[in-house]
Amino acid sequence: RHKGMVAFGYGLFAGFWGMHYALERMGCTVLPAGGLDSKAFVGLLVEHQVEVVGLTPSYAMRLIETAGEMGVDLARDANVHIILAGAEPRSDFTTRTIESAFGARVFNAAGTTECGSVFMFECPARRGACHINEPLVIQEVLHPETAEPVGYGEEGVRVTTGLYREGVQLFRHWTEDIVVKRHHTECGCGRTWDFLDGGILRRVDDMRKVRGVSVTPVMIEDVLRGFPEVAEFRSSLRTDRGLDTIHVQAEAGDLTGPAAEALRARIAEEFKREIGIRPTVELAPAGSLPRTKWKAARLHDERHLTHA
Ligand SMILES: [Zn+2]
């Protein structure tokens, strides 16, 4: 029997319940790993040679960090082939980092409580092609301002109507997710369900303007994940003497002195090059920034607050 594990609290939130039941239906053994700390989770992955794992990208990054501290090489010592990483938009860099650390393929999937189901899943035949679960949900893509339908291949807001849910029915729920829909024939798998290219690209309300430059959490993540020394980060938008700035806190082990200064300078330089804004960078002590299993919030707009 194949073995699966889901990093999920097994509570009232719908979350990964669908994956748990799907694995059972396929005849897999599902290890009930909810509530374990990350060290115990890594231990179970290795001990039981678990092949399928469901988690958030944030938690996958945390497991990679923990495995490193334990001296575990996940690609060599564990046996994970498939990672279903849902619930958060993620950068391509994060996906590649997770794939190489685990030696596994990362697939995207997402559900909404409003529909009571998983509405999309990534196809093995084409990277990023997230087929819409069309028997269960109608996914419209509408222009963010005019609310008129946009064509295939154009960005718009995902508007969703569940087709089977009992008790609560939402019609045309405006999700604030920005997506691009493509015709099913553009994927080579033969499924007749259209797909969202790249899944959820970002949230309408994620986009922030900093001195006229558009900044999203995924853009910041992309820059910081390019630094292998950075284990975790948090960023905020602040007003410093009337000027909007990005403030970055990055954990980079116990770096001090010239090495720490050099890293701060390299991070600031890379932001300037990639995003167009030079941030203030602060190195935080190892383990001091919050880790999360669920819905990471790493960009905080604090411009309404006062900073000395
Ligand atoms: Zn496909």
# chains A, B, ... in the order shown; residues from 1 in each chain; ligands from 1
>>> residues_near_ligand(ligand="ligand 1", cutoff="8 Å", atoms="only C-alpha atoms and all ligand atoms", output="tab-separated table (two decimals) with all heavy atoms, in the first residue's frame")
chain	number	residue	atom	x	y	z
A	122	GLU	N	-3.57	20.59	-10.14
A	122	GLU	CA	-2.57	20.72	-11.20
A	122	GLU	C	-2.39	19.41	-11.95
A	122	GLU	O	-2.35	18.34	-11.36
A	122	GLU	CB	-1.23	21.16	-10.60
A	122	GLU	CG	-0.17	21.45	-11.67
A	122	GLU	CD	1.10	22.05	-11.09
A	122	GLU	OE1	1.12	22.40	-9.89
A	122	GLU	OE2	2.08	22.15	-11.85
A	123	CYS	N	-2.28	19.52	-13.27
A	123	CYS	CA	-2.20	18.36	-14.15
A	123	CYS	C	-0.75	17.88	-14.28
A	123	CYS	O	0.15	18.69	-14.44
A	123	CYS	CB	-2.72	18.76	-15.53
A	123	CYS	SG	-2.83	17.38	-16.67
A	124	PRO	N	-0.52	16.56	-14.23
A	124	PRO	CA	0.84	16.06	-14.44
A	124	PRO	C	1.35	16.34	-15.85
A	124	PRO	O	2.55	16.36	-16.08
A	124	PRO	CB	0.71	14.55	-14.22
A	124	PRO	CG	-0.57	14.35	-13.50
A	124	PRO	CD	-1.46	15.49	-13.90
A	125	ALA	N	0.44	16.57	-16.81
A	125	ALA	CA	0.85	16.70	-18.21
A	125	ALA	C	1.41	18.07	-18.55
A	125	ALA	O	2.14	18.22	-19.53
A	125	ALA	CB	-0.33	16.39	-19.13
A	126	ARG	N	1.08	19.08	-17.78
A	126	ARG	CA	1.57	20.42	-18.11
A	126	ARG	C	1.77	21.20	-16.81
A	126	ARG	O	0.82	21.42	-16.05
A	126	ARG	CB	0.57	21.15	-19.01
A	126	ARG	CG	0.96	22.60	-19.28
A	126	ARG	CD	0.02	23.26	-20.27
A	126	ARG	NE	0.06	24.71	-20.08
A	126	ARG	CZ	-0.05	25.60	-21.05
A	126	ARG	NH1	-0.25	25.21	-22.28
A	126	ARG	NH2	-0.02	26.88	-20.79
A	129	ALA	N	-0.74	23.88	-15.07
A	129	ALA	CA	-2.12	23.80	-15.59
A	129	ALA	C	-3.03	23.23	-14.50
A	129	ALA	O	-3.00	22.04	-14.22
A	129	ALA	CB	-2.17	22.92	-16.83
A	130	CYS	N	-3.82	24.11	-13.89
A	130	CYS	CA	-4.70	23.67	-12.80
A	130	CYS	C	-6.11	23.52	-13.35
A	130	CYS	O	-6.84	24.51	-13.50
A	130	CYS	CB	-4.66	24.68	-11.66
A	130	CYS	SG	-3.03	24.77	-10.88
A	131	HIS	N	-6.48	22.28	-13.66
A	131	HIS	CA	-7.80	22.03	-14.23
A	131	HIS	C	-8.89	22.38	-13.23
A	131	HIS	O	-8.78	22.11	-12.03
A	131	HIS	CB	-7.94	20.56	-14.62
A	131	HIS	CG	-7.16	20.19	-15.84
A	131	HIS	ND1	-7.52	20.60	-17.10
A	131	HIS	CD2	-6.04	19.45	-15.99
A	131	HIS	CE1	-6.64	20.13	-17.99
A	131	HIS	NE2	-5.73	19.43	-17.34
A	184	HIS	N	-9.13	23.92	-22.48
A	184	HIS	CA	-8.58	22.61	-22.08
A	184	HIS	C	-7.67	21.99	-23.12
A	184	HIS	O	-6.76	21.23	-22.79
A	184	HIS	CB	-9.72	21.65	-21.71
A	184	HIS	CG	-10.71	21.40	-22.81
A	184	HIS	ND1	-10.47	20.51	-23.81
A	184	HIS	CD2	-11.93	21.95	-23.05
A	184	HIS	CE1	-11.51	20.50	-24.63
A	184	HIS	NE2	-12.41	21.36	-24.20
A	187	CYS	N	-3.81	21.93	-22.79
A	187	CYS	CA	-3.10	20.92	-22.01
A	187	CYS	C	-3.18	19.62	-22.79
A	187	CYS	O	-4.21	19.30	-23.37
A	187	CYS	CB	-3.73	20.76	-20.63
A	187	CYS	SG	-2.82	19.59	-19.59
A	188	GLY	N	-2.10	18.86	-22.79
A	188	GLY	CA	-2.05	17.67	-23.64
A	188	GLY	C	-2.67	16.42	-23.04
A	188	GLY	O	-2.60	15.35	-23.62
A	189	CYS	N	-3.32	16.53	-21.88
A	189	CYS	CA	-3.71	15.32	-21.16
A	189	CYS	C	-5.00	14.70	-21.68
A	189	CYS	O	-5.28	13.54	-21.41
A	189	CYS	CB	-3.87	15.63	-19.67
A	189	CYS	SG	-5.29	16.69	-19.33
A	190	GLY	N	-5.81	15.47	-22.41
A	190	GLY	CA	-7.07	14.94	-22.91
A	190	GLY	C	-8.27	15.25	-22.04
A	190	GLY	O	-9.41	14.97	-22.43
A	191	ARG	N	-8.05	15.81	-20.84
A	191	ARG	CA	-9.20	16.20	-20.02
A	191	ARG	C	-9.97	17.31	-20.73
A	191	ARG	O	-9.39	18.11	-21.47
A	191	ARG	CB	-8.75	16.72	-18.65
A	191	ARG	CG	-8.32	15.62	-17.69
A	191	ARG	CD	-8.02	16.21	-16.31
A	191	ARG	NE	-7.59	15.16	-15.39
A	191	ARG	CZ	-6.33	14.72	-15.30
A	191	ARG	NH1	-5.39	15.25	-16.07
A	191	ARG	NH2	-6.02	13.76	-14.47
A	195	PHE	N	-8.48	25.08	-17.73
A	195	PHE	CA	-7.57	25.17	-16.58
A	195	PHE	C	-7.17	26.61	-16.28
A	195	PHE	O	-7.23	27.48	-17.14
A	195	PHE	CB	-6.33	24.29	-16.78
A	195	PHE	CG	-5.45	24.64	-17.95
A	195	PHE	CD1	-4.39	25.52	-17.80
A	195	PHE	CD2	-5.65	24.05	-19.20
A	195	PHE	CE1	-3.56	25.83	-18.86
A	195	PHE	CE2	-4.83	24.36	-20.27
A	195	PHE	CZ	-3.78	25.24	-20.11
>>> select_by_dssp(residues="segment 119-243 of chain A", states="alpha helix (DSSP H)", output="ChimeraX atom specification")
/A:217-224
>>> select_by_dssp(residues="segment 75-161 of chain A", states="strand (DSSP E or B)", output="ChimeraX atom specification")
/A:82-86,105-112,117-122,129-132,137-142,149,155-161
>>> residues_around(residues="segment 233-246 of chain A", least_positions_apart="6", cutoff="12 Å", atoms="only C-alpha atoms", output="number ranges by chain")
A: 58, 61-62, 207-225, 227, 252-253, 267-268, 271-272, 275-292, 296-308
>>> closest_residue(among="A:Ile64, A:Ala33, A:Ala262, A:Val6", to="Gly86 of chain A", atoms="only C-alpha atoms")
A:Val6
>>> residues_around(residues="Ala104 of chain A", least_positions_apart="4", cutoff="12 Å", atoms="only C-alpha atoms", output="number ranges by chain")
A: 50-53, 60, 74-76, 78-85, 95-100
>>> closest_residue(among="A:Leu201, A:Val230, A:Val42, A:Val159", to="Ala67 of chain A", atoms="only C-alpha atoms")
A:Val42
>>> atom_distance(atom1="atom CA of Gln49 of chain A", atom2="atom CA of Thr94 of chain A")
23.4 Å
>>> closest_residue(among="A:Val106, A:Ile132, A:Leu163, A:Leu142", to="Leu55 of chain A", atoms="only C-alpha atoms")
A:Val106
>>> closest_residue(among="A:Tyr152, A:Val248, A:Gly199, A:Asp205", to="Thr185 of chain A", atoms="only C-alpha atoms")
A:Tyr152
>>> closest_atom_pairs(of="segment 104-219 of chain A", to="segment 13-31 of chain A", cutoff="9 Å", atoms="only C-alpha atoms", output="Markdown table")
| residue | atom | partner | partner_atom | distance |
| --- | --- | --- | --- | --- |
| A:Ala110 | CA | A:Gly15 | CA | 8.9 |
| A:Gly111 | CA | A:Gly15 | CA | 7.6 |
| A:Thr112 | CA | A:Ala14 | CA | 8.3 |
| A:Thr113 | CA | A:Ala14 | CA | 6.5 |
| A:Gly116 | CA | A:Ala14 | CA | 7.4 |
| A:Ser117 | CA | A:Gly18 | CA | 7.6 |
| A:Val118 | CA | A:Gly18 | CA | 7.5 |
